[in-house]
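> File name work-v1.tsv; file contents TSV, C-alpha atoms; full text below.
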chain	number	residue	atom	x	y	z
A	82	MET	CA	-15.27	11.96	-11.34
A	83	GLN	CA	-12.76	9.14	-11.35
A	84	LYS	CA	-13.60	6.33	-13.75
A	85	GLY	CA	-15.15	3.32	-12.06
A	86	PHE	CA	-16.87	5.23	-9.21
A	87	ASP	CA	-20.63	5.71	-9.05
A	88	ILE	CA	-21.69	8.56	-6.77
A	89	SER	CA	-25.16	6.99	-6.43
A	90	ASP	CA	-23.57	3.98	-4.73
A	91	PRO	CA	-24.62	3.80	-1.03
A	92	PHE	CA	-20.95	3.70	-0.08
A	93	PHE	CA	-20.50	7.25	-1.33
A	94	TYR	CA	-23.89	8.40	-0.11
A	95	ASN	CA	-22.84	7.59	3.44
A	96	LEU	CA	-19.86	9.92	3.10
A	97	MET	CA	-21.92	12.98	2.16
A	98	SER	CA	-21.50	16.12	4.29
A	99	LYS	CA	-18.91	14.52	6.53
A	100	GLN	CA	-15.88	16.11	8.16
A	101	PHE	CA	-12.33	14.85	8.54
A	102	GLY	CA	-9.27	16.62	9.84
A	103	LEU	CA	-5.76	16.76	11.23
A	104	ILE	CA	-4.87	17.33	14.88
A	105	GLY	CA	-1.55	18.83	15.89
A	106	LYS	CA	0.02	21.86	17.50
A	107	LYS	CA	1.48	23.67	14.46
A	108	LEU	CA	0.13	22.56	11.10
A	109	GLY	CA	1.50	25.10	8.63
A	110	HIS	CA	3.81	22.42	7.19
A	111	SER	CA	1.11	19.81	6.62
A	112	PHE	CA	0.03	18.47	3.24
A	113	SER	CA	-2.98	16.54	4.55
A	114	LYS	CA	-5.64	19.20	4.01
A	115	ASP	CA	-4.66	19.77	0.38
A	116	PHE	CA	-4.33	16.02	-0.25
A	117	PHE	CA	-7.77	15.11	1.06
A	118	GLU	CA	-9.55	18.12	-0.43
A	119	LYS	CA	-8.23	17.12	-3.85
A	120	LYS	CA	-9.37	13.55	-3.16
A	121	PHE	CA	-12.87	14.71	-2.23
A	122	GLN	CA	-13.03	16.79	-5.39
A	123	LEU	CA	-11.85	13.90	-7.53
A	124	LEU	CA	-14.51	11.61	-6.06
A	125	ASN	CA	-17.16	14.35	-6.11
A	126	LEU	CA	-17.79	13.96	-2.38
A	127	ASP	CA	-19.49	16.49	-0.14
A	128	ALA	CA	-16.84	16.29	2.57
A	129	THR	CA	-14.38	18.67	4.19
A	130	TYR	CA	-10.94	18.33	5.79
A	131	ARG	CA	-9.83	20.81	8.43
A	132	ASN	CA	-6.69	21.55	10.40
A	133	PHE	CA	-7.28	21.53	14.15
A	134	GLU	CA	-4.39	23.21	15.95
A	135	LEU	CA	-4.75	22.30	19.63
A	136	GLU	CA	-2.71	23.95	22.36
A	137	ARG	CA	-3.83	21.24	24.78
A	138	ILE	CA	-4.55	17.63	23.95
A	139	GLU	CA	-7.59	17.82	26.27
A	140	ASP	CA	-9.29	20.07	23.72
A	141	VAL	CA	-9.86	17.03	21.53
A	142	LYS	CA	-12.96	16.18	23.58
A	143	SER	CA	-14.97	18.83	21.74
A	144	LEU	CA	-14.01	17.28	18.39
A	145	PHE	CA	-15.12	13.84	19.54
A	146	ALA	CA	-18.49	15.33	20.46
A	147	ASP	CA	-19.09	16.58	16.91
A	148	PRO	CA	-21.24	13.95	15.13
A	149	THR	CA	-20.21	15.19	11.67
A	150	ILE	CA	-16.53	14.29	12.21
A	151	GLU	CA	-15.83	10.72	11.12
A	152	GLY	CA	-12.07	10.61	10.92
A	153	LEU	CA	-8.99	12.40	12.21
A	154	ASN	CA	-5.28	12.23	11.61
A	155	VAL	CA	-2.84	13.00	14.42
A	156	THR	CA	0.62	14.51	14.14
A	157	ILE	CA	3.36	16.04	16.32
A	158	PRO	CA	3.29	16.19	19.32
A	159	TYR	CA	0.17	14.15	20.13
A	160	LYS	CA	0.72	10.68	18.66
A	161	GLN	CA	1.44	9.11	22.04
A	162	SER	CA	-0.47	11.41	24.40
A	163	PHE	CA	-3.68	10.87	22.38
A	164	ILE	CA	-4.11	7.26	23.49
A	165	PRO	CA	-5.82	7.84	26.90
A	166	PHE	CA	-8.61	9.78	25.17
A	167	LEU	CA	-9.63	6.88	22.92
A	168	ASP	CA	-12.24	4.20	23.51
A	169	SER	CA	-10.18	1.46	21.84
A	170	LEU	CA	-7.00	0.74	19.88
A	171	ASP	CA	-6.21	-1.34	16.83
A	172	PRO	CA	-3.78	-4.15	17.81
A	173	VAL	CA	-0.92	-2.62	15.80
A	174	ALA	CA	-1.40	0.81	17.39
A	175	GLU	CA	-1.49	-0.84	20.80
A	176	ARG	CA	1.81	-2.62	20.17
A	177	VAL	CA	3.45	0.49	18.75
A	178	GLY	CA	2.18	2.75	21.52
A	179	ALA	CA	1.31	5.61	19.17
A	180	VAL	CA	-1.64	6.60	16.98
A	181	ASN	CA	-1.92	8.86	13.95
A	182	CYS	CA	-5.39	7.93	12.69
A	183	ILE	CA	-8.72	8.05	14.53
A	184	GLN	CA	-11.95	6.46	13.36
A	185	LEU	CA	-15.13	7.95	14.89
A	186	LYS	CA	-18.15	5.73	14.51
A	187	ASN	CA	-21.35	5.26	16.52
A	188	GLY	CA	-20.11	7.64	19.20
A	189	LYS	CA	-16.90	5.66	19.76
A	190	SER	CA	-13.29	6.52	18.95
A	191	LYS	CA	-10.73	3.97	17.80
A	192	GLY	CA	-7.03	4.62	17.24
A	193	PHE	CA	-4.87	3.21	14.45
A	194	ASN	CA	-1.27	3.62	13.36
A	195	THR	CA	-1.03	4.07	9.59
A	196	ASP	CA	2.60	5.20	9.91
A	197	VAL	CA	3.47	1.52	10.19
A	198	PHE	CA	1.94	0.75	6.80
A	199	GLY	CA	3.33	3.92	5.23
A	200	PHE	CA	6.90	3.42	6.45
A	201	SER	CA	6.88	-0.27	5.53
A	202	GLN	CA	5.78	0.49	1.96
A	203	ALA	CA	8.33	3.28	1.64
A	204	ILE	CA	11.40	1.50	3.01
A	205	LYS	CA	11.04	-2.04	1.68
A	206	PRO	CA	12.16	-1.34	-1.93
A	207	PHE	CA	15.44	0.10	-0.65
A	208	LEU	CA	16.45	-2.60	1.84
A	209	GLU	CA	19.52	-4.69	1.04
A	210	SER	CA	21.11	-7.73	2.63
A	211	HIS	CA	23.79	-5.69	4.42
A	212	HIS	CA	21.15	-3.64	6.24
A	213	GLU	CA	21.21	-5.49	9.55
A	214	ARG	CA	21.03	-2.63	12.05
A	215	ALA	CA	19.22	0.71	12.13
A	216	LEU	CA	19.75	3.95	14.02
A	217	ILE	CA	16.63	6.01	14.64
A	218	LEU	CA	17.06	9.70	15.42
A	219	GLY	CA	14.38	10.69	17.93
A	220	THR	CA	12.02	8.80	20.23
A	221	GLY	CA	8.64	10.42	19.49
A	222	GLY	CA	5.50	8.75	18.18
A	223	ALA	CA	6.76	8.29	14.62
A	224	SER	CA	9.91	6.57	15.86
A	225	ARG	CA	7.82	3.79	17.40
A	226	ALA	CA	6.24	2.94	14.06
A	227	VAL	CA	9.68	2.90	12.42
A	228	GLU	CA	11.03	0.61	15.14
A	229	PHE	CA	8.04	-1.72	14.78
A	230	VAL	CA	8.54	-2.15	11.03
A	231	LEU	CA	12.31	-2.59	11.14
A	232	ALA	CA	12.15	-5.06	14.03
A	233	GLU	CA	9.49	-7.08	12.18
A	234	LEU	CA	11.89	-7.19	9.23
A	235	GLY	CA	14.60	-8.62	11.48
A	236	LEU	CA	16.80	-5.57	11.99
A	237	ALA	CA	18.37	-4.60	15.31
A	238	VAL	CA	17.16	-1.10	16.22
A	239	PHE	CA	18.86	1.62	18.28
A	240	PHE	CA	17.64	5.11	19.20
A	241	ILE	CA	19.26	8.50	19.65
A	242	SER	CA	17.42	10.49	22.31
A	243	ARG	CA	17.77	13.68	24.29
A	244	HIS	CA	16.89	11.65	27.36
A	245	PRO	CA	18.01	8.00	26.92
A	246	LYS	CA	16.09	5.60	29.15
A	247	ASN	CA	16.48	2.09	27.76
A	248	ASP	CA	19.41	-0.13	26.86
A	249	ASN	CA	18.98	0.53	23.13
A	250	GLU	CA	18.81	4.32	23.56
A	251	PHE	CA	21.84	6.61	23.37
A	252	ALA	CA	22.45	10.33	23.77
A	253	TRP	CA	23.28	12.50	20.75
A	254	SER	CA	26.79	12.94	22.15
A	255	ASP	CA	27.24	9.14	22.07
A	256	ILE	CA	27.11	8.90	18.28
A	257	ASN	CA	30.52	7.77	17.08
A	258	GLU	CA	32.17	6.26	14.04
A	259	ASN	CA	31.65	2.65	15.11
A	260	MET	CA	27.95	3.22	15.79
A	261	VAL	CA	27.32	4.89	12.43
A	262	GLN	CA	29.28	2.39	10.38
A	263	SER	CA	27.60	-0.59	12.05
A	264	CYS	CA	24.12	0.78	11.33
A	265	GLY	CA	23.37	0.65	7.62
A	266	ILE	CA	20.04	2.48	7.98
A	267	ILE	CA	19.64	5.91	9.55
A	268	VAL	CA	16.11	7.29	9.99
A	269	ASN	CA	15.36	10.80	11.20
A	270	THR	CA	12.02	10.98	13.00
A	271	THR	CA	12.60	14.39	14.59
A	272	PRO	CA	11.05	17.60	13.18
A	273	VAL	CA	14.47	19.28	12.92
A	274	GLY	CA	14.81	20.73	9.42
A	275	MET	CA	11.08	20.87	8.72
A	276	PHE	CA	9.54	23.93	7.06
A	277	PRO	CA	9.93	26.78	7.87
A	278	GLU	CA	13.21	26.01	9.71
A	279	VAL	CA	14.71	24.47	6.57
A	280	ASN	CA	18.32	25.38	7.40
A	281	GLN	CA	18.34	23.40	10.62
A	282	CYS	CA	19.88	19.93	10.80
A	283	PRO	CA	20.23	17.28	13.51
A	284	GLU	CA	23.73	17.10	14.96
A	285	PHE	CA	25.12	14.06	13.22
A	286	PRO	CA	28.65	13.03	12.15
A	287	PHE	CA	28.04	12.81	8.39
A	288	GLU	CA	31.72	12.12	7.76
A	289	TYR	CA	31.16	8.52	8.93
A	290	LEU	CA	28.57	7.78	6.24
A	291	ASN	CA	29.47	5.89	3.07
A	292	PRO	CA	27.71	4.51	-0.06
A	293	THR	CA	26.43	1.46	1.85
A	294	HIS	CA	24.22	3.64	4.05
A	295	LEU	CA	20.55	4.37	3.47
A	296	VAL	CA	19.40	7.59	5.14
A	297	MET	CA	15.69	8.36	5.37
A	298	ASP	CA	14.16	11.57	6.69
A	299	LEU	CA	10.46	11.33	7.53
A	300	ILE	CA	10.15	15.05	6.79
A	301	TYR	CA	8.53	15.77	3.42
A	302	ASN	CA	8.52	19.59	3.49
A	303	PRO	CA	11.07	20.47	2.18
A	304	LYS	CA	11.55	17.48	-0.11
A	305	GLU	CA	15.30	17.55	0.50
A	306	THR	CA	16.16	18.50	4.05
A	307	GLU	CA	19.55	19.72	5.15
A	308	LEU	CA	20.12	16.27	6.65
A	309	LEU	CA	19.48	14.57	3.31
A	310	LYS	CA	21.71	17.06	1.47
A	311	ARG	CA	24.63	16.33	3.79
A	312	ALA	CA	24.03	12.57	3.75
A	313	LYS	CA	23.94	12.57	-0.07
A	314	ALA	CA	27.17	14.59	-0.17
A	315	ALA	CA	28.77	11.88	1.99
A	316	GLY	CA	27.79	9.24	-0.58
A	317	ALA	CA	24.78	7.71	1.17
A	318	SER	CA	21.52	6.79	-0.58
A	319	VAL	CA	18.70	9.06	0.62
A	320	ILE	CA	14.89	9.10	0.61
A	321	ASN	CA	12.43	11.57	2.11
A	322	GLY	CA	9.09	11.02	3.80
A	323	GLU	CA	6.86	11.81	0.83
A	324	SER	CA	6.14	8.21	-0.18
A	325	MET	CA	5.41	7.24	3.41
A	326	LEU	CA	3.10	10.23	3.70
A	327	PHE	CA	0.96	9.28	0.71
A	328	GLN	CA	0.81	5.63	1.74
A	329	GLN	CA	-0.30	6.38	5.29
A	330	ALA	CA	-2.88	8.90	4.07
A	331	GLU	CA	-4.45	6.36	1.73
A	332	LYS	CA	-4.49	3.84	4.58
A	333	SER	CA	-6.32	6.38	6.76
A	334	TRP	CA	-8.94	6.83	4.06
A	335	GLU	CA	-9.41	3.06	3.88
A	336	ILE	CA	-9.88	2.87	7.66
A	337	TRP	CA	-12.41	5.72	7.77
A	338	ASN	CA	-14.48	4.01	5.09
A	339	SER	CA	-14.31	0.52	6.54
Show me, as structure tokens, the structure contained in the file I just sent.

Amino acid sequence: MQKGFDISDPFFYNLMSKQFGLIGKKLGHSFSKDFFEKKFQLLNLDATYRNFELERIEDVKSLFADPTIEGLNVTIPYKQSFIPFLDSLDPVAERVGAVNCIQLKNGKSKGFNTDVFGFSQAIKPFLESHHERALILGTGGASRAVEFVLAELGLAVFFISRHPKNDNEFAWSDINENMVQSCGIIVNTTPVGMFPEVNQCPEFPFEYLNPTHLVMDLIYNPKETELLKRAKAAGASVINGESMLFQQAEKSWEIWNS
């Protein structure tokens, strides 16, 4: 047991025999189950963490009805479509328009977005004064958390989307040299290149990157995606999604125990 924790403390007693889990469609790539099971073992807690692969988001109703489940994480493709099934939203999740953490307490469900905290903690050490604009690849739930953080930090944010709808959204075919060179930060929020399809890569003109660019891929499995390999070869600084992943997971644990 980790030094400083007393299992007889009521705080830990209340966690006994509880369930937590991850909701998504395909979860073979996920680290969450292993991460939390190791955490439970370290803290000597009688708790379990399960993967819930749902073909339909409506199937979540049965999970909400289980009184032993106290917390859930949410991943692709349900971060935005989950919201109508919740009783309430944390203010940050409401502003972002996406959730990845659910607290179940007293028969009520509340949605949070820990991606915001995780991405903020991961990106801040790498930001430099010349990073004034960012280009986000993808417009799914994770992209909204990335936009929220970067906008709060004062950066202008633009999206690349298969179906552009807003003034700051562009099609993949619109990416050109001027766009890439004016955006010092590139963030991939799509699942392209994620295990097991590790040889795939978003269509991106890597030849326009240079050493002033910071390229982040939210994918953490594999640790170095094809996108990061090509960006590094072009001279850009690169980071993967591992740090963000650990930060958001710890934030979820804090929320479930609040």
> Using all atoms listed in the file, determine which residues lie at most 8 Å from Glu307 of chain A, disregarding the query and same-chain residues fewer than 2 positions distant; provide the list as an NGL selection string.
:A and (274 or 279-282 or 305 or 309-311)
> Counting all atoms listed in the file, note down every residue that has an atom within 7 Å of the point (-0.1, 4.8, 12.6) (file coordinates), as a PDB file with C-alpha atoms, in the frame of the given file.

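The resulting file, result17.pdb, is reproduced below:
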ATOM      1  CA  ALA A 174      -1.400   0.810  17.390  1.00  0.00           C
ATOM      2  CA  ALA A 179       1.310   5.610  19.170  1.00  0.00           C
ATOM      3  CA  VAL A 180      -1.640   6.600  16.980  1.00  0.00           C
ATOM      4  CA  ASN A 181      -1.920   8.860  13.950  1.00  0.00           C
ATOM      5  CA  CYS A 182      -5.390   7.930  12.690  1.00  0.00           C
ATOM      6  CA  PHE A 193      -4.870   3.210  14.450  1.00  0.00           C
ATOM      7  CA  ASN A 194      -1.270   3.620  13.360  1.00  0.00           C
ATOM      8  CA  THR A 195      -1.030   4.070   9.590  1.00  0.00           C
ATOM      9  CA  ASP A 196       2.600   5.200   9.910  1.00  0.00           C
ATOM     10  CA  VAL A 197       3.470   1.520  10.190  1.00  0.00           C
ATOM     11  CA  ALA A 226       6.240   2.940  14.060  1.00  0.00           C
TER      12      ALA A 226
END
> Can you measure atom CA of Ile164 of chain A to atom CA of Ile266 of chain A for me? One decimal in Å is fine.
29.1 Å
> Go through A:Lys142, A:Arg243, A:Lys332, A:Lys99 one by one, measure the shortest atom-to-atom distance of each to Gly199 of chain A using only C-alpha atoms, and give the residue with the smallest value.
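With only C-alpha atoms as the atom set, the closest residue is A:Lys332.
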> Here is a test: counting all atoms listed in the file, which residue of A:Thr149, A:Gln202, A:Gly235, A:Thr293 is nearest to Glu331 of chain A?
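Checking each of A:Thr149, A:Gln202, A:Gly235, A:Thr293 against Glu331 of chain A, counting all atoms listed in the file, the winner is A:Gln202.
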> If I take atom CA of Ser318 of chain A and atom CA of Ala215 of chain A, how far is one from the other in Å, to one decimal?
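Separation between atom CA of Ser318 of chain A and atom CA of Ala215 of chain A: 14.3 Å.
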> Restricting the calculation to only C-alpha atoms: of A:Phe276, A:Phe117, A:Tyr130, A:Phe101, which residue gets closest to Thr306 of chain A?
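Smallest distance to Thr306 of chain A is found for A:Phe276.
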> Which is closer to Val319 of chain A than all the others in A:Ser190, A:Asn291, A:Thr129, A:Ser339, using all atoms listed in the file?
A:Asn291
> Quick check, in Å to one decimal: how far apart do atom CA of Glu175 of chain A and atom CA of Arg225 of chain A lie?
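According to the coordinates, atom CA of Glu175 of chain A and atom CA of Arg225 of chain A are separated by 10.9 Å.
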> Given all atoms listed in the file as the basis, pick out the residue of A:Asn302, A:Gln328, A:Asn249, A:Ser254 nearest to Ala237 of chain A.
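The answer is A:Asn249, which sits nearest to Ala237 of chain A.
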> Taking (8.0, 11.6, 2.1) as a centre in this file's frame and 8 Å as the limit, can you find every polymer residue with an atom that close, using all atoms listed in the file, and give them as a PDB file with C-alpha atoms, in the coordinates of the input?

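Writing done, so here's part_17.pdb:
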ATOM      1  CA  ASP A 298      14.160  11.570   6.690  1.00  0.00           C
ATOM      2  CA  LEU A 299      10.460  11.330   7.530  1.00  0.00           C
ATOM      3  CA  ILE A 300      10.150  15.050   6.790  1.00  0.00           C
ATOM      4  CA  TYR A 301       8.530  15.770   3.420  1.00  0.00           C
ATOM      5  CA  LYS A 304      11.550  17.480  -0.110  1.00  0.00           C
ATOM      6  CA  ILE A 320      14.890   9.100   0.610  1.00  0.00           C
ATOM      7  CA  ASN A 321      12.430  11.570   2.110  1.00  0.00           C
ATOM      8  CA  GLY A 322       9.090  11.020   3.800  1.00  0.00           C
ATOM      9  CA  GLU A 323       6.860  11.810   0.830  1.00  0.00           C
ATOM     10  CA  SER A 324       6.140   8.210  -0.180  1.00  0.00           C
ATOM     11  CA  MET A 325       5.410   7.240   3.410  1.00  0.00           C
ATOM     12  CA  LEU A 326       3.100  10.230   3.700  1.00  0.00           C
ATOM     13  CA  PHE A 327       0.960   9.280   0.710  1.00  0.00           C
TER      14      PHE A 327
END
> Please determine, counting all atoms listed in the file, which residue among A:Gly219, A:Leu208, A:Val227, A:Phe133 has the shortest atom-to-atom distance to His244 of chain A.
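With all atoms listed in the file as the atom set, the closest residue is A:Gly219.
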> Using only the atoms of segment 314-325 of chain A listed in the file, plus 3 Å on each side, state the axis-aligned box centre and edge lengths in Å rounded to one decimal, as lines of an AutoDock Vina configuration file.

center_x = 17.1
center_y = 10.7
center_z = 1.6
size_x = 29.4
size_y = 13.8
size_z = 10.4
> Taking a cut-off of 9 Å and counting only C-alpha atoms, can you build a table that, for each residue of segment 159-230 of chain A near segment 136-140 of chain A, reports the nearest atom pair and how far apart they are in Å (one decimal), sorted by chain then residue number, as a Markdown table?

| residue | atom | partner | partner_atom | distance |
| --- | --- | --- | --- | --- |
| A:Tyr159 | CA | A:Ile138 | CA | 7.0 |
| A:Ser162 | CA | A:Ile138 | CA | 7.5 |
| A:Phe163 | CA | A:Ile138 | CA | 7.0 |
| A:Phe166 | CA | A:Glu139 | CA | 8.2 |
> Using the atoms already present, construct N, CA and C atoms for segment 186-202 of chain A and hand them back as a short mmCIF file (atom, residue, chain, number, x, y, z; two decimals), in the coordinates of the input.

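Saved the output as selection-v9.cif:
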data_model
loop_
_atom_site.label_atom_id
_atom_site.label_comp_id
_atom_site.auth_asym_id
_atom_site.auth_seq_id
_atom_site.Cartn_x
_atom_site.Cartn_y
_atom_site.Cartn_z
N LYS A 186 -16.97 6.44 15.03
CA LYS A 186 -18.15 5.73 14.51
C LYS A 186 -19.05 5.34 15.66
N ASN A 187 -20.35 5.62 15.51
CA ASN A 187 -21.35 5.26 16.52
C ASN A 187 -20.99 5.79 17.91
N GLY A 188 -20.43 7.01 17.94
CA GLY A 188 -20.11 7.64 19.20
C GLY A 188 -18.86 7.10 19.87
N LYS A 189 -18.11 6.25 19.20
CA LYS A 189 -16.90 5.66 19.76
C LYS A 189 -15.68 6.06 18.93
N SER A 190 -14.55 6.17 19.61
CA SER A 190 -13.29 6.52 18.95
C SER A 190 -12.32 5.34 19.01
N LYS A 191 -11.69 5.05 17.87
CA LYS A 191 -10.73 3.97 17.80
C LYS A 191 -9.45 4.45 17.13
N GLY A 192 -8.31 4.15 17.74
CA GLY A 192 -7.03 4.62 17.24
C GLY A 192 -6.31 3.57 16.41
N PHE A 193 -5.66 4.05 15.35
CA PHE A 193 -4.87 3.21 14.45
C PHE A 193 -3.50 3.85 14.23
N ASN A 194 -2.57 3.06 13.73
CA ASN A 194 -1.27 3.62 13.36
C ASN A 194 -1.01 3.30 11.89
N THR A 195 -1.27 4.27 11.02
CA THR A 195 -1.03 4.07 9.59
C THR A 195 0.40 4.40 9.22
N ASP A 196 1.18 4.98 10.16
CA ASP A 196 2.60 5.20 9.91
C ASP A 196 3.32 3.88 9.67
N VAL A 197 2.86 2.84 10.35
CA VAL A 197 3.47 1.52 10.19
C VAL A 197 3.36 1.06 8.74
N PHE A 198 2.16 1.13 8.20
CA PHE A 198 1.94 0.75 6.80
C PHE A 198 2.74 1.66 5.86
N GLY A 199 2.66 2.96 6.11
CA GLY A 199 3.33 3.92 5.23
C GLY A 199 4.83 3.74 5.21
N PHE A 200 5.44 3.59 6.39
CA PHE A 200 6.90 3.42 6.45
C PHE A 200 7.32 2.09 5.82
N SER A 201 6.56 1.04 6.09
CA SER A 201 6.88 -0.27 5.53
C SER A 201 6.89 -0.22 4.00
N GLN A 202 5.87 0.39 3.42
CA GLN A 202 5.78 0.49 1.96
C GLN A 202 6.91 1.34 1.39
#
